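Shown next, in structure tokens, is the structure this report addresses.
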Amino acid sequence: MCGIVGYVGTDQGATDVLLEGLSQLEYRGYDSAGVALADPSIEVHKKAGELSSLESALPESQLGDEPAGIGHTRWSTHGAPSDANAHPHTDELERVAVVHNGIIGNYQELRDELTTAGIEFDSETDTEVIPHLIGSFLEQGQTNAEAFRSAIDRVEGSYAIAAVFEGDETVYAARNESPLVLGLGENGYYLASDVPAFIEYTDRVIYLDDGEFARLTPDRVVVTDDTGDVVDTTIETIAWDSEETGKSGYDHYMLKEIHEQPTALRQCLRGRLEELSGGVSLENIDEMDWNPPIRLVACGTSYHAAAFAARLFRDWGVPAQAFLASEFTATEIPLSADSLVVGVTQSGETADTMRALREANRAGSTTLAVTNVVGSSAARTCDEVLYIRAGPEIGVAATKTFASQQVALMLLAAELSNHRSRELIRELRTVPDQVQAVLDNSRAKEIATEYRNADAYFFIGRKHHRPVALEGALKMKEITYKHAEGFAAGELKHGPLALVSEKTPVFAVVTGDGPIAEKTIGNVKEVEARDTPVIAVTDGVSDVGRYADHVLEVPPSTGITSAITANVQLQLVSYWVANELGRSIDKPRHLAKSVTVE
Ligand code: M6R
């Protein structure tokens, strides 16, 4: 939620770096955007709307060679999207400008205190208390660095904060429970909520930890802890190039990322399959200390991957349960020192998931992060990490990260249940090609055209395909803004069947021809008998095609990997419906990719 960026240096003007950085962070929020330049007085420009509104409002003369600045792209929490609520915010004398990602828990108390002291607020945001606090410490004669630290000491909650002061070529920053990463360039230093903001300039980074402060000047970066002692930081090198964060000729990041799935899955599998033994090899995982049952915690799409994995664990003899992270509390779910809690989160920053993982840590349980982002909060909070290696995903709708989570969790389930099967390894090896075959031959676009004006879309599937149905519906509603619901196929007749009509296509995932397929075909017939269009997502092994109006084909496989290929078909249907409807596909209304508030 919200993206922040900062720059100080001599190789270029701050405005260009900040605007370019914000354009890479818009996936984190796009209600409004703003920049503050220290040149040498503080210049603030901010605007409600997407970044393009700010760019058009910037005076030409501003695009100069300012030495330092900060920028922000907002996802509103306190106060509607407006020019006034956009960041940066300043103190009354405009000596300091501040951007913030997160929630200030005690902001009302601080606001009351500052108001009583005679401060007038310009916005409804929680953030604005910070520059006013800093201003009050400056009044007391503190230096910029001291005033920044004193203000942060008063703030409770989750935050990544950056500030610039008049006449000071320095960017100040602090982090607690919201991501912040520093970039070390040749002639300049960067900070941002996420690496894509500056990967064009440098791949050398330092991840800040909770409670740490950073001071970026043109010639150095100093990181200190909450007591002010200098921290011995680790410089990491990011293995992406800036090309990976572009659209590569696709109209939308989402479509590009759907098409990147074969590559993402190959990366996820690389070095992790053991052909001869039929087992898998996951770095550090076999050394973990744990006992069943396994609890998986996750939100949204990641929860669907977790639900898919929980079933697989159970199939392979390990009790496991998936929880919505926002519903998970260690008081209700008794955790002990030998419990294993797996946080599934592509961003590694989702507040609900992070809270659940921190509670598990406090209970002394073993925690494992299954994440895409190296150095993310989840990766650093958990005892162990399993990276899904999907590469950067910019579209707000999760696509390739879901497929990579499914595969990574299959590997995890095989490893922890000691499930050895050469057939499984062979099948995993072919998944990237199966996904490629779906991408090459999909009829999703024509189906989307036919049903783009439907009243609602329903998705059904059983067992491993139930999470696919849930995910198909989430993707559809998220990017088309149309009503969509996913059900366990057997549940349809227990209520939702009342909703079906000739204007509500039902997508049914049916693979193989065993008893599970037979039962879902029964549900398809119930729908068909009510003149409701059915689109079967199938490998053609059963005769479900006879009862369906259309078929979306997936390659024959076990029920497990078809959960990946069937989902790709459904991703494409949602994408093309949204495209037909002219929706903002990469930045759906009201959403953000990284949800760092509970
Ligand atoms: O970063 P996470 O995987 O923890 O995000 C959890 C959800 O916010 C996320 O999966 C969301 O549902 C998707 N962006 C929807 O496409």
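Each chain in the structure tokens gets a letter, A, B, ..., in the order shown, and its residues are numbered from 1; ligands are numbered from 1 in order too.
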- How would you write, as a PyMOL selection string, the set of residues in segment 246-342 of chain A that DSSP gives as helix (DSSP H, G or I)? chain A and resi 253-259+261-269+285-287+300-315+325-327
- Item | Test item: residues lying within 7 Å of ligand 1 with only C-alpha atoms and all ligand atoms, as a list in words |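 The neighbouring residues of ligand 1 are, in order, Ala298, Cys299, Gly300, Thr301, Ser302, Val344, Thr345, Gln346, Ser347, Gly348, Glu349, Thr350, Thr353, Val396, Ala397, Ala398, Thr399, Leu474, Lys475, Glu478, Lys593, Ser594 and Val595 of chain A.
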I need the residues from that last selection saved to file as a PDB file, in the first residue's frame (with N, CA and C atoms), if you can.
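The file below, result38.pdb, is the result:
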ATOM      1  N   ALA A 298      -2.435 -17.113   4.588  1.00  0.00           N
ATOM      2  CA  ALA A 298      -2.282 -16.348   3.344  1.00  0.00           C
ATOM      3  C   ALA A 298      -3.552 -15.542   3.088  1.00  0.00           C
ATOM      4  N   CYS A 299      -3.491 -14.659   2.099  1.00  0.00           N
ATOM      5  CA  CYS A 299      -4.650 -13.827   1.729  1.00  0.00           C
ATOM      6  C   CYS A 299      -4.870 -13.907   0.215  1.00  0.00           C
ATOM      7  N   GLY A 300      -6.115 -13.699  -0.183  1.00  0.00           N
ATOM      8  CA  GLY A 300      -6.446 -13.535  -1.596  1.00  0.00           C
ATOM      9  C   GLY A 300      -5.967 -14.704  -2.438  1.00  0.00           C
ATOM     10  N   THR A 301      -5.317 -14.366  -3.538  1.00  0.00           N
ATOM     11  CA  THR A 301      -4.809 -15.396  -4.444  1.00  0.00           C
ATOM     12  C   THR A 301      -3.866 -16.355  -3.728  1.00  0.00           C
ATOM     13  N   SER A 302      -3.050 -15.804  -2.858  1.00  0.00           N
ATOM     14  CA  SER A 302      -2.097 -16.668  -2.146  1.00  0.00           C
ATOM     15  C   SER A 302      -2.825 -17.666  -1.258  1.00  0.00           C
ATOM     16  N   VAL A 344       2.231 -17.887   3.013  1.00  0.00           N
ATOM     17  CA  VAL A 344       2.303 -17.869   1.547  1.00  0.00           C
ATOM     18  C   VAL A 344       1.974 -16.445   1.116  1.00  0.00           C
ATOM     19  N   THR A 345       2.933 -15.752   0.564  1.00  0.00           N
ATOM     20  CA  THR A 345       2.746 -14.343   0.229  1.00  0.00           C
ATOM     21  C   THR A 345       3.728 -13.944  -0.853  1.00  0.00           C
ATOM     22  N   GLN A 346       3.202 -13.630  -2.055  1.00  0.00           N
ATOM     23  CA  GLN A 346       4.153 -13.332  -3.137  1.00  0.00           C
ATOM     24  C   GLN A 346       4.996 -12.105  -2.798  1.00  0.00           C
ATOM     25  N   SER A 347       4.359 -11.070  -2.228  1.00  0.00           N
ATOM     26  CA  SER A 347       5.089  -9.834  -1.940  1.00  0.00           C
ATOM     27  C   SER A 347       5.962  -9.968  -0.708  1.00  0.00           C
ATOM     28  N   GLY A 348       5.550 -10.826   0.208  1.00  0.00           N
ATOM     29  CA  GLY A 348       6.268 -10.935   1.473  1.00  0.00           C
ATOM     30  C   GLY A 348       6.011  -9.748   2.378  1.00  0.00           C
ATOM     31  N   GLU A 349       5.002  -8.944   2.087  1.00  0.00           N
ATOM     32  CA  GLU A 349       4.762  -7.740   2.879  1.00  0.00           C
ATOM     33  C   GLU A 349       3.328  -7.642   3.385  1.00  0.00           C
ATOM     34  N   THR A 350       2.439  -8.544   2.995  1.00  0.00           N
ATOM     35  CA  THR A 350       1.016  -8.408   3.328  1.00  0.00           C
ATOM     36  C   THR A 350       0.822  -8.369   4.849  1.00  0.00           C
ATOM     37  N   THR A 353      -0.827 -11.345   6.743  1.00  0.00           N
ATOM     38  CA  THR A 353       0.036 -12.536   6.768  1.00  0.00           C
ATOM     39  C   THR A 353       1.225 -12.314   7.704  1.00  0.00           C
ATOM     40  N   VAL A 396      -1.398  -5.736 -10.849  1.00  0.00           N
ATOM     41  CA  VAL A 396      -1.968  -5.944  -9.508  1.00  0.00           C
ATOM     42  C   VAL A 396      -2.563  -7.341  -9.385  1.00  0.00           C
ATOM     43  N   ALA A 397      -3.182  -7.826 -10.458  1.00  0.00           N
ATOM     44  CA  ALA A 397      -3.736  -9.179 -10.432  1.00  0.00           C
ATOM     45  C   ALA A 397      -2.587 -10.199 -10.441  1.00  0.00           C
ATOM     46  N   ALA A 398      -2.563 -11.051  -9.440  1.00  0.00           N
ATOM     47  CA  ALA A 398      -1.500 -12.059  -9.363  1.00  0.00           C
ATOM     48  C   ALA A 398      -1.764 -13.150 -10.398  1.00  0.00           C
ATOM     49  N   THR A 399      -0.790 -13.435 -11.238  1.00  0.00           N
ATOM     50  CA  THR A 399      -0.954 -14.492 -12.236  1.00  0.00           C
ATOM     51  C   THR A 399       0.228 -15.464 -12.166  1.00  0.00           C
ATOM     52  N   LEU A 474     -12.029 -14.828  -8.386  1.00  0.00           N
ATOM     53  CA  LEU A 474     -11.352 -13.637  -7.845  1.00  0.00           C
ATOM     54  C   LEU A 474     -10.748 -12.813  -8.982  1.00  0.00           C
ATOM     55  N   LYS A 475     -10.103 -13.526  -9.921  1.00  0.00           N
ATOM     56  CA  LYS A 475      -9.472 -12.799 -11.037  1.00  0.00           C
ATOM     57  C   LYS A 475     -10.526 -12.069 -11.846  1.00  0.00           C
ATOM     58  N   GLU A 478     -11.933  -9.019  -9.899  1.00  0.00           N
ATOM     59  CA  GLU A 478     -10.905  -8.022  -9.643  1.00  0.00           C
ATOM     60  C   GLU A 478     -10.629  -7.126 -10.855  1.00  0.00           C
ATOM     61  N   LYS A 593      -1.282  -3.717  -5.109  1.00  0.00           N
ATOM     62  CA  LYS A 593      -0.682  -5.052  -5.150  1.00  0.00           C
ATOM     63  C   LYS A 593      -0.204  -5.521  -3.781  1.00  0.00           C
ATOM     64  N   SER A 594       0.346  -4.595  -3.036  1.00  0.00           N
ATOM     65  CA  SER A 594       0.944  -5.000  -1.779  1.00  0.00           C
ATOM     66  C   SER A 594       0.125  -4.366  -0.660  1.00  0.00           C
ATOM     67  N   VAL A 595      -0.585  -5.194   0.108  1.00  0.00           N
ATOM     68  CA  VAL A 595      -1.571  -4.657   1.048  1.00  0.00           C
ATOM     69  C   VAL A 595      -0.962  -4.643   2.449  1.00  0.00           C
TER      70      VAL A 595
END
Using only C-alpha atoms, tabulate the residues of segment 262-369 of chain A lying at most 12 Å from any atom of segment 423-432 of chain A, each with its closest atom pair and that distance in Å to one decimal, by chain and increasing residue number, as CSV.
residue,atom,partner,partner_atom,distance
A:Pro262,CA,A:Pro432,CA,4.2
A:Thr263,CA,A:Pro432,CA,7.0
A:Ala264,CA,A:Pro432,CA,8.3
A:Leu265,CA,A:Pro432,CA,5.8
A:Arg266,CA,A:Pro432,CA,6.3
A:Gln267,CA,A:Pro432,CA,9.8
A:Cys268,CA,A:Pro432,CA,10.2
A:Leu269,CA,A:Arg429,CA,7.7
A:Arg270,CA,A:Arg429,CA,9.5
A:Gly271,CA,A:Arg429,CA,11.1
A:Arg272,CA,A:Ile425,CA,9.8
A:Leu273,CA,A:Ile425,CA,6.5
A:Glu274,CA,A:Ile425,CA,7.4
A:Glu275,CA,A:Ile425,CA,6.4
A:Leu276,CA,A:Ile425,CA,9.4
A:Ser277,CA,A:Ile425,CA,9.4
A:Gly278,CA,A:Ile425,CA,5.9
A:Gly279,CA,A:Ile425,CA,7.3
A:Val280,CA,A:Ile425,CA,8.0
A:Ser281,CA,A:Ile425,CA,11.4
- Pick from A:Ala508, A:Val171, A:Leu19, A:Ala448 nearest to Lys46 of chain A, counting only C-alpha atoms: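 Ranked by minimum distance to Lys46 of chain A, first place goes to A:Leu19.
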- Selection: 8 Å around Glu50 of chain A, only C-alpha atoms, excl. self and same-chain fewer than 2 positions, as a PyMOL selection string: chain A and resi 30-33+48+52-54
Could you take the residues named above and write them with all heavy atoms, as a CSV table (one decimal), in the first residue's frame?
chain,number,residue,atom,x,y,z
A,30,TYR,N,-2.5,4.0,-6.5
A,30,TYR,CA,-2.5,5.0,-7.6
A,30,TYR,C,-3.7,5.9,-7.5
A,30,TYR,O,-4.3,6.3,-8.4
A,30,TYR,CB,-2.6,4.2,-9.0
A,30,TYR,CG,-3.3,2.9,-8.9
A,30,TYR,CD1,-4.7,2.8,-9.1
A,30,TYR,CD2,-2.6,1.7,-8.7
A,30,TYR,CE1,-5.3,1.5,-9.0
A,30,TYR,CE2,-3.2,0.5,-8.6
A,30,TYR,CZ,-4.6,0.4,-8.8
A,30,TYR,OH,-5.2,-0.8,-8.7
A,31,ASP,N,-4.0,6.3,-6.2
A,31,ASP,CA,-5.0,7.3,-6.0
A,31,ASP,C,-4.5,8.7,-6.2
A,31,ASP,O,-5.3,9.6,-6.5
A,31,ASP,CB,-5.5,7.3,-4.5
A,31,ASP,CG,-6.2,6.0,-4.2
A,31,ASP,OD1,-6.6,5.3,-5.1
A,31,ASP,OD2,-6.3,5.7,-3.0
A,32,SER,N,-3.2,8.9,-5.9
A,32,SER,CA,-2.6,10.3,-6.0
A,32,SER,C,-1.1,10.1,-5.9
A,32,SER,O,-0.6,9.1,-5.5
A,32,SER,CB,-3.1,11.2,-4.9
A,32,SER,OG,-3.0,10.5,-3.6
A,33,ALA,N,-0.4,11.2,-6.3
A,33,ALA,CA,1.1,11.1,-6.4
A,33,ALA,C,1.6,12.4,-6.1
A,33,ALA,O,1.0,13.5,-6.3
A,33,ALA,CB,1.5,10.6,-7.7
A,48,ALA,N,-4.1,14.6,-7.0
A,48,ALA,CA,-5.0,13.4,-6.9
A,48,ALA,C,-5.0,12.8,-8.3
A,48,ALA,O,-4.8,13.4,-9.3
A,48,ALA,CB,-6.4,13.8,-6.6
A,52,SER,N,0.2,10.2,-14.0
A,52,SER,CA,0.2,11.0,-15.2
A,52,SER,C,-0.4,12.4,-14.9
A,52,SER,O,0.0,13.4,-15.4
A,52,SER,CB,-0.6,10.4,-16.3
A,52,SER,OG,-1.9,9.9,-15.8
A,53,SER,N,-1.4,12.5,-13.9
A,53,SER,CA,-1.9,13.8,-13.5
A,53,SER,C,-0.9,14.7,-12.9
A,53,SER,O,-0.8,15.9,-13.1
A,53,SER,CB,-3.1,13.6,-12.5
A,53,SER,OG,-4.0,12.7,-12.9
A,54,LEU,N,0.0,14.1,-12.1
A,54,LEU,CA,1.1,14.9,-11.5
A,54,LEU,C,2.0,15.3,-12.5
A,54,LEU,O,2.4,16.5,-12.6
A,54,LEU,CB,1.8,14.0,-10.4
A,54,LEU,CG,3.1,14.6,-9.9
A,54,LEU,CD1,2.8,15.8,-9.0
A,54,LEU,CD2,3.9,13.6,-9.1
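Candidate residues A:Thr90, A:Asn101, A:Thr143, A:Thr127 were compared for distance to His78 of chain A, and the nearest is A:Thr127, using only C-alpha atoms.
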- Residues flagged strand (DSSP E) by DSSP in segment 448-577 of chain A, as an NGL selection string: :A and (456-461 or 483-488 or 506-510 or 534-538 or 550-553)
